[in-house]
Amino acid sequence: MAGISRRLGPILAGILLVTASCAPAIQTGAYPNSSLLAETGWLAQHLQDSNVRIVDVRGANSYEEGHLPGAVYVNMGDLVDQKAPIRGMLATQSQVEALLGQAGISPATTVVVYDDNGGLWAARFFWILDYLQHKDVRILNGSFAKWAKEGRQLTKDTPKVQTMEYQGDPLPARSVSRDGILGKLQ
C-alpha cells in the first residue's frame, strides 16, 4: 500500500499543478469546454425554466441557511455505497437513479450543481451524471460564493418537485476498479 501512496503523490501533485495553471484562464472566461459551466447570469435568467434543475450539494445545514431559488438538496452521502469495502464508492445504479428521480431530474433535465467546497462535491456530482451519460449537466461557475457575492437572490424555501423517472446508461470508461488500478501500476 505504501508503494501506491508513493505513486499517487506525483499524480495528485500534477493534477494540482494543472488546475492551478488553469486558474487565470478560468477567471477571464477564456477556457475550453465552457459549456460544462453555467454562468450566474445565465442561471438567474433560467430560474423559472421547468427543464432546469439546480442541485445544492453543500450540506443540509448550509442548504437550510439559504440556497439558490429552486435548488434541491442532494446529500452526497446518499450517492455512496455504504456496504462497499472501499470508502466512497458509488451507490448502485438503481439507488442513484432513484435519488435523481426524487430530486426531479430526468435524463432530459438540464442540471446545474453547486457547492461551497471549491467545486469538489459539485465535480463528483457532475462525474456521476457524466458516468450515466446525462446529456446536460453543468457546474455553477464560481459556485455558491460567487452567486452570494453578486447579491443574487437566496431563499430558505424548499421547492416542491415532481418525481421523475431516471434511467441512465453507465459508461464503463468513466469508472475503474481497484484491480484495474493495481494492474496498471505493475
# chains A, B, ... in the order shown; residues from 1 in each chain; ligands from 1
>>> select_by_dssp(residues="range 43-117 of chain A", states="alpha helix (DSSP H)", output="JSON, numbers by chain")
{"A": [43, 44, 45, 60, 61, 62, 63, 64, 65, 93, 94, 95, 96, 97, 98, 99, 100, 101, 102]}
>>> residues_around(residues="Leu120 in chain A", least_positions_apart="6", cutoff="10 Å", atoms="only C-alpha atoms", output="list in words")
Val57, Arg58, Tyr114 and Phe126 of chain A
>>> residues_around(residues="range 72-79 of chain A", least_positions_apart="6", cutoff="9 Å", atoms="only C-alpha atoms", output="list in words")
Arg53, Ile54, Val55, Asp56, Val57, Arg58, Gly59, Ala60, Tyr63, Gly88, Met89, Leu90, Ala91, Thr92, Gln95, Val96, Leu99, Leu100, Ala103, Gly104, Trp121, Arg124, Phe125, Ile128, Thr158, Pro159, Lys160 and Val161 of chain A
>>> write_last_selection(atoms="N, CA and C atoms", output="mmCIF file, in the first residue's frame")
data_model
loop_
_atom_site.group_PDB
_atom_site.id
_atom_site.type_symbol
_atom_site.label_atom_id
_atom_site.label_comp_id
_atom_site.auth_asym_id
_atom_site.auth_seq_id
_atom_site.Cartn_x
_atom_site.Cartn_y
_atom_site.Cartn_z
ATOM 1 N N ARG A 53 -32.862 22.021 -13.414
ATOM 2 C CA ARG A 53 -32.890 21.631 -12.006
ATOM 3 C C ARG A 53 -31.573 22.071 -11.381
ATOM 4 N N ILE A 54 -31.667 22.879 -10.346
ATOM 5 C CA ILE A 54 -30.489 23.351 -9.616
ATOM 6 C C ILE A 54 -30.289 22.419 -8.430
ATOM 7 N N VAL A 55 -29.061 21.948 -8.264
ATOM 8 C CA VAL A 55 -28.753 20.985 -7.206
ATOM 9 C C VAL A 55 -27.694 21.568 -6.275
ATOM 10 N N ASP A 56 -28.032 21.608 -5.003
ATOM 11 C CA ASP A 56 -27.144 22.099 -3.943
ATOM 12 C C ASP A 56 -26.557 20.887 -3.236
ATOM 13 N N VAL A 57 -25.237 20.754 -3.248
ATOM 14 C CA VAL A 57 -24.574 19.622 -2.590
ATOM 15 C C VAL A 57 -23.668 20.091 -1.453
ATOM 16 N N ARG A 58 -23.995 21.263 -0.861
ATOM 17 C CA ARG A 58 -23.137 21.835 0.180
ATOM 18 C C ARG A 58 -23.258 21.135 1.524
ATOM 19 N N GLY A 59 -24.377 20.610 1.870
ATOM 20 C CA GLY A 59 -24.630 20.056 3.188
ATOM 21 C C GLY A 59 -25.971 20.564 3.680
ATOM 22 N N ALA A 60 -26.640 19.757 4.484
ATOM 23 C CA ALA A 60 -28.010 20.072 4.917
ATOM 24 C C ALA A 60 -28.096 21.398 5.671
ATOM 25 N N TYR A 63 -27.718 24.330 3.295
ATOM 26 C CA TYR A 63 -28.922 24.434 2.469
ATOM 27 C C TYR A 63 -30.046 25.122 3.242
ATOM 28 N N GLY A 88 -16.364 5.487 -0.154
ATOM 29 C CA GLY A 88 -16.598 6.470 -1.200
ATOM 30 C C GLY A 88 -17.038 5.910 -2.537
ATOM 31 N N MET A 89 -17.203 4.602 -2.627
ATOM 32 C CA MET A 89 -17.619 4.012 -3.898
ATOM 33 C C MET A 89 -19.065 4.421 -4.219
ATOM 34 N N LEU A 90 -19.350 4.559 -5.481
ATOM 35 C CA LEU A 90 -20.662 4.968 -5.949
ATOM 36 C C LEU A 90 -21.717 3.928 -5.575
ATOM 37 N N ALA A 91 -22.884 4.425 -5.158
ATOM 38 C CA ALA A 91 -24.015 3.549 -4.848
ATOM 39 C C ALA A 91 -24.418 2.793 -6.109
ATOM 40 N N THR A 92 -25.309 1.844 -5.951
ATOM 41 C CA THR A 92 -25.755 1.072 -7.108
ATOM 42 C C THR A 92 -26.486 1.981 -8.090
ATOM 43 N N GLN A 95 -29.996 2.802 -7.005
ATOM 44 C CA GLN A 95 -30.058 3.770 -5.907
ATOM 45 C C GLN A 95 -29.824 5.192 -6.429
ATOM 46 N N VAL A 96 -28.842 5.352 -7.298
ATOM 47 C CA VAL A 96 -28.534 6.668 -7.857
ATOM 48 C C VAL A 96 -29.707 7.161 -8.699
ATOM 49 N N LEU A 99 -32.564 8.341 -6.478
ATOM 50 C CA LEU A 99 -32.281 9.639 -5.862
ATOM 51 C C LEU A 99 -32.426 10.772 -6.871
ATOM 52 N N LEU A 100 -31.915 10.579 -8.077
ATOM 53 C CA LEU A 100 -32.027 11.602 -9.114
ATOM 54 C C LEU A 100 -33.496 11.855 -9.454
ATOM 55 N N ALA A 103 -35.204 13.883 -6.904
ATOM 56 C CA ALA A 103 -34.757 15.276 -6.961
ATOM 57 C C ALA A 103 -35.380 16.015 -8.151
ATOM 58 N N GLY A 104 -36.251 15.324 -8.906
ATOM 59 C CA GLY A 104 -36.899 15.965 -10.035
ATOM 60 C C GLY A 104 -36.043 16.020 -11.281
ATOM 61 N N TRP A 121 -17.424 18.643 -4.385
ATOM 62 C CA TRP A 121 -18.655 17.848 -4.402
ATOM 63 C C TRP A 121 -19.441 18.084 -5.671
ATOM 64 N N ARG A 124 -17.905 15.926 -8.240
ATOM 65 C CA ARG A 124 -18.272 14.498 -8.056
ATOM 66 C C ARG A 124 -19.688 14.250 -8.577
ATOM 67 N N PHE A 125 -20.607 15.150 -8.255
ATOM 68 C CA PHE A 125 -21.980 15.001 -8.744
ATOM 69 C C PHE A 125 -21.988 15.060 -10.273
ATOM 70 N N ILE A 128 -20.835 11.780 -11.654
ATOM 71 C CA ILE A 128 -21.858 10.735 -11.557
ATOM 72 C C ILE A 128 -22.834 10.847 -12.726
ATOM 73 N N THR A 158 -38.012 25.345 0.398
ATOM 74 C CA THR A 158 -37.701 24.078 -0.264
ATOM 75 C C THR A 158 -38.693 23.890 -1.403
ATOM 76 N N PRO A 159 -38.201 23.766 -2.620
ATOM 77 C CA PRO A 159 -39.137 23.645 -3.749
ATOM 78 C C PRO A 159 -39.868 22.299 -3.736
ATOM 79 N N LYS A 160 -41.072 22.333 -4.228
ATOM 80 C CA LYS A 160 -41.821 21.090 -4.435
ATOM 81 C C LYS A 160 -41.493 20.631 -5.848
ATOM 82 N N VAL A 161 -40.925 19.459 -5.953
ATOM 83 C CA VAL A 161 -40.551 18.946 -7.275
ATOM 84 C C VAL A 161 -41.319 17.676 -7.569
#
>>> atom_distance(atom1="CA of Lys146 in chain A", atom2="CA of Asp49 in chain A")
21.1 Å
>>> select_by_dssp(residues="range 121-164 of chain A", states="strand (DSSP E)", output="ChimeraX atom specification")
/A:137-140
>>> write_last_selection(atoms="N, CA, C and O atoms", output="PDB file, in the first residue's frame")
ATOM      1  N   VAL A 137     -25.321  18.494 -18.000  1.00  0.00           N
ATOM      2  CA  VAL A 137     -25.023  18.784 -16.596  1.00  0.00           C
ATOM      3  C   VAL A 137     -23.912  19.824 -16.580  1.00  0.00           C
ATOM      4  O   VAL A 137     -22.969  19.747 -17.364  1.00  0.00           O
ATOM      5  N   ARG A 138     -24.061  20.807 -15.701  1.00  0.00           N
ATOM      6  CA  ARG A 138     -23.103  21.909 -15.626  1.00  0.00           C
ATOM      7  C   ARG A 138     -22.797  22.227 -14.166  1.00  0.00           C
ATOM      8  O   ARG A 138     -23.632  22.029 -13.294  1.00  0.00           O
ATOM      9  N   ILE A 139     -21.627  22.762 -13.936  1.00  0.00           N
ATOM     10  CA  ILE A 139     -21.242  23.245 -12.609  1.00  0.00           C
ATOM     11  C   ILE A 139     -21.410  24.759 -12.620  1.00  0.00           C
ATOM     12  O   ILE A 139     -21.024  25.422 -13.589  1.00  0.00           O
ATOM     13  N   LEU A 140     -21.983  25.300 -11.554  1.00  0.00           N
ATOM     14  CA  LEU A 140     -22.159  26.747 -11.463  1.00  0.00           C
ATOM     15  C   LEU A 140     -20.793  27.400 -11.320  1.00  0.00           C
ATOM     16  O   LEU A 140     -20.075  27.168 -10.343  1.00  0.00           O
TER      17      LEU A 140
END
